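Peer 1: Quick one: structure below, then a few questions.
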Amino acid sequence: MSLSRQHEMHKRRFSRNLGLGIVLAAFVALVFGLTVVKVSNEDFAIPTAEEAS
Amino acid sequence: MSDASLNTTDTTIGEAGFGDYFALLKPRVMTLVVFTAFIGLMAAPGGVHPVVGFAAILFIAVGGGASGALNMWWDADIDAVMKRTAKRPIPAGKVTGDEAFAFGMALSGFSVVMLALATNFLAAGLLAFTIFFYVVIYTMWLKRWTPQNIVIGGAAGAFPPIIGWAAATGSVSVEAILMFALIFMWTPPHFWALALFTRTDYDQANVPMLTVTHGRRATRVHILAYTVLLAALAVGLGFTSVGGPVYLAVALYLNARFLKGAVDIWRRDEPAAEADKYLAERKFFKASLLYLFAHFGAIGIEAMLMPFGLGGW
C-alpha cells in the first residue's frame with residue numbers, strides 16, 4: 001500500500017493556513033481603517049512636546 | 001509502524017481544518033450576538049462611524065465566540081453524551097481540549113483589548129465580564145449545580161445589546177437595560193421548551209434541567225410564568241425612546257401569539273404531548289426564535305426610520 005502524496009491531512013492543513021492568512025489580512029485592513037477613522041476625527045490631536053514629557 | 005496506520009482517514013488530532021476552529025466559536029449562537037449587539041449599537045443615540053461600528057460588532061462577536069470555545073472545552077464530557085452536541089469538534093476528536101482552551105483564552109484577551117482600542121473601556125469591560133460570566137459563573141458553576149442554570153446563565157447571552165449601546169455612547173441607559181432584560185426573560189422559556197422535547201439528552205448528561213429536577217409539570221408552569229413576565233416587559237419596552245408604533249405593533253402581535261403558545265403548553269399533560277410528538281412544544285420553540293429576531297428587528301426599524309422623522313414616539 002503506497003502513501004498518497006496528497007493526504008486528506010494536507011487538505012485540512014491547507015484550509016487552516018489559508019483561513020488564517022485571510023483572517024490576518026482582514027485584521028490588518030481593519031486596523032488600518034480604524035486608524036484612518038481615529039486620526040481623521042475632529043477630537044484627535046497629536047500630543048505636543050510639553051504634554052508628552 | 002505499518003503503511004495502513006499512515007493511510008487512515010481518521011481525523012488526526014492537531015490537524016483540524018479551519019472549519020473545525022470556526023465551529024468552536026458556536027457560529028449559530030454568534031448570529032444572535034451579532035444581531036442584538038448591532039441593534040443595541042444602532043438604537044443608541046449619537047451614532048458611531050461605520051468602520052468603528054463594524055469593528056465593535058466584530059470584536060463583540062469574537063468575544064462571544066471565544067466564550068463558546070471555552071464552554072466547549074469545559075463541557076466536552078457533557079457534549080459527548082448528548083446527541084445534539086456529540087459532533088462538536090472536541091467530542092468528535094478533531095480538536096483537543098487543550099487547543100480549544102488556548103484558542104478561547106487567546107481570542108478572549110484579543111477581543112477585549114481590541115474593543116477597548118476601537119471604542120471605549122466600558123464596552124470592553126462589559127465584554128470581559130460577559131465572557132467571565134458565561135464561562136466561569138454559568139459553564140463551570142451553575143450549569144451542573146442548579147436547575148436555575150438557564151435563568152442565570154441567560155444573562156450572559158443578554159449582554160450584547162448593552163455592550164453595543166456602551167460602544168456607541170460610552171454609557172449604559174434604561175433602554176439598554178430593558179433590551180438586556182428582554183433577552184434575559186426570553187431565554188428560560190426558550191430553553192425549557194427545548195428541554196421538554198429533548199428529555200433523554202439532558203437526563204443522560206446529568207445536567208440538572210428543570211425537567212429533570214422538578215418534573216415536567218413544573219417546567220410547563222415555569223414556561224407560562226416567564227412568558228407572562230416577558231410579554232409585559234416586551235410591550236413596556238415599546239414606550240421607551242427605542243420603541244415606537246412599529247415596535248409596539250410587532251410586540252403586541254407576537255406576545256399575544258407567544259402567550260397563547262405558553263398557555264397551550266401549560267394546559268397539556270405528558271400523554272397528550274407524547275401523542276403528537278411534542279408538537280406544541282416544538283412550535284413554541286420555533287416561534288421563540290422568530291420572537292427575539294422580530295423584536296430586535298423592530299427596534300432596528302425604528303432606529304432606521306429616525307433620520308426621516310418617522311421612527312420612535
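Lettering and numbering for the C-alpha cells are positional, with chains as A, B, ... in the shown order, residues counted from 1 in each chain, and ligands counted from 1 in the shown order.
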Residues of chain A were defined as contacting chain B if any atom lay at most 8 Å from it, counting only C-alpha atoms; please report them as a VMD selection string.

Peer 2: chain A and resid 1 to 3 7 to 9 11 to 17 19 to 20 30 33 to 34 37

Peer 1: Selection from above, C-alpha atoms, as a PDB file, in the first residue's frame, can you write it?

Peer 2:
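Ended up saving to again37.pdb:
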ATOM      1  CA  MET A   1       0.000   0.000   0.000  1.00  0.00           C
ATOM      2  CA  SER A   2       1.590   3.256  -1.070  1.00  0.00           C
ATOM      3  CA  LEU A   3       1.383   6.613   0.574  1.00  0.00           C
ATOM      4  CA  HIS A   7      -3.284  13.057   2.058  1.00  0.00           C
ATOM      5  CA  GLU A   8      -6.559  14.339   3.484  1.00  0.00           C
ATOM      6  CA  MET A   9      -4.471  15.753   6.320  1.00  0.00           C
ATOM      7  CA  LYS A  11      -6.071  19.431   2.735  1.00  0.00           C
ATOM      8  CA  ARG A  12      -7.027  20.263   6.316  1.00  0.00           C
ATOM      9  CA  ARG A  13      -3.646  21.864   6.931  1.00  0.00           C
ATOM     10  CA  PHE A  14      -4.012  23.956   3.773  1.00  0.00           C
ATOM     11  CA  SER A  15      -7.527  25.069   4.749  1.00  0.00           C
ATOM     12  CA  ARG A  16      -6.195  26.147   8.146  1.00  0.00           C
ATOM     13  CA  ASN A  17      -3.282  28.070   6.670  1.00  0.00           C
ATOM     14  CA  GLY A  19      -8.097  30.661   6.558  1.00  0.00           C
ATOM     15  CA  LEU A  20      -5.573  32.112   8.967  1.00  0.00           C
ATOM     16  CA  LEU A  30      -9.446  46.656   9.730  1.00  0.00           C
ATOM     17  CA  GLY A  33      -9.281  51.521   8.590  1.00  0.00           C
ATOM     18  CA  LEU A  34      -9.747  52.149  12.308  1.00  0.00           C
ATOM     19  CA  VAL A  37     -11.030  56.967  11.157  1.00  0.00           C
TER      20      VAL A  37
END

Peer 1: Going by DSSP on the backbone, which bits of range 42-274 of chain B are helix (DSSP H, G or I)? Write them as an MDAnalysis selection string, please.

Peer 2: chainID B and resid 42:43 50:74 76:81 97:118 121:142 149:158 160:169 174:197 199:205 210:213 215:237 245:267 270:274

Peer 1: Gly215 in chain B: which residues within 12 Å, counting only C-alpha atoms, same-chain residues fewer than 4 positions away excluded, as a list in words?

Peer 2: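 Result of the neighbour search: Pro147, Trp192, Ala195, Leu196, Arg199, Asp203, Pro208, Met209, Leu210, Thr211, Thr219, Arg220, Val221, His222, Asp269 and Glu270 of chain B.
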
Peer 1: Go ahead and compute the interatomic distance for CA of Ile299 in chain B and CA of Leu248 in chain B, in Å to one decimal.

Peer 2: 9.5 Å

Peer 1: Mind checking which residues fall within 12 Å of Val250 in chain B, counting only C-alpha atoms, ignoring those fewer than 2 positions away in the same chain, and posting them as a count of residues only?

Peer 2: 30

Peer 1: Separation of CA of Ala167 in chain B and CA of Thr119 in chain B, in Å?

Peer 2: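 These atoms are spaced 5.5 Å apart.
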
Peer 1: Please identify all polymer residues within 9 Å of range 46-48 of chain B, counting only C-alpha atoms, omitting same-chain residues fewer than 5 positions from it, and present them as a compact mmCIF listing (two decimals) with N, CA and C atoms, in the first residue's frame.

Peer 2:
# COMPACT_ATOMS: atom_id res chain seq x y z
N LEU B 41 -26.26 48.91 19.24
CA LEU B 41 -25.38 49.98 18.75
C LEU B 41 -26.13 50.96 17.86
N GLY B 53 -18.18 51.09 14.18
CA GLY B 53 -19.33 50.23 14.49
C GLY B 53 -19.09 48.80 14.04
N ALA B 167 -20.68 50.73 23.48
CA ALA B 167 -19.67 51.01 22.47
C ALA B 167 -19.98 52.32 21.75
N ALA B 168 -21.28 52.59 21.54
CA ALA B 168 -21.68 53.79 20.81
C ALA B 168 -21.71 55.03 21.70
N THR B 169 -22.13 54.87 22.95
CA THR B 169 -22.35 56.05 23.79
C THR B 169 -21.34 56.20 24.92

Peer 1: Report, in Å with one decimal, the straight-line distance from CA of Asp264 in chain B to CA of Ile223 in chain B.

Peer 2: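 Straight-line distance from CA of Asp264 in chain B to CA of Ile223 in chain B works out to 10.6 Å.
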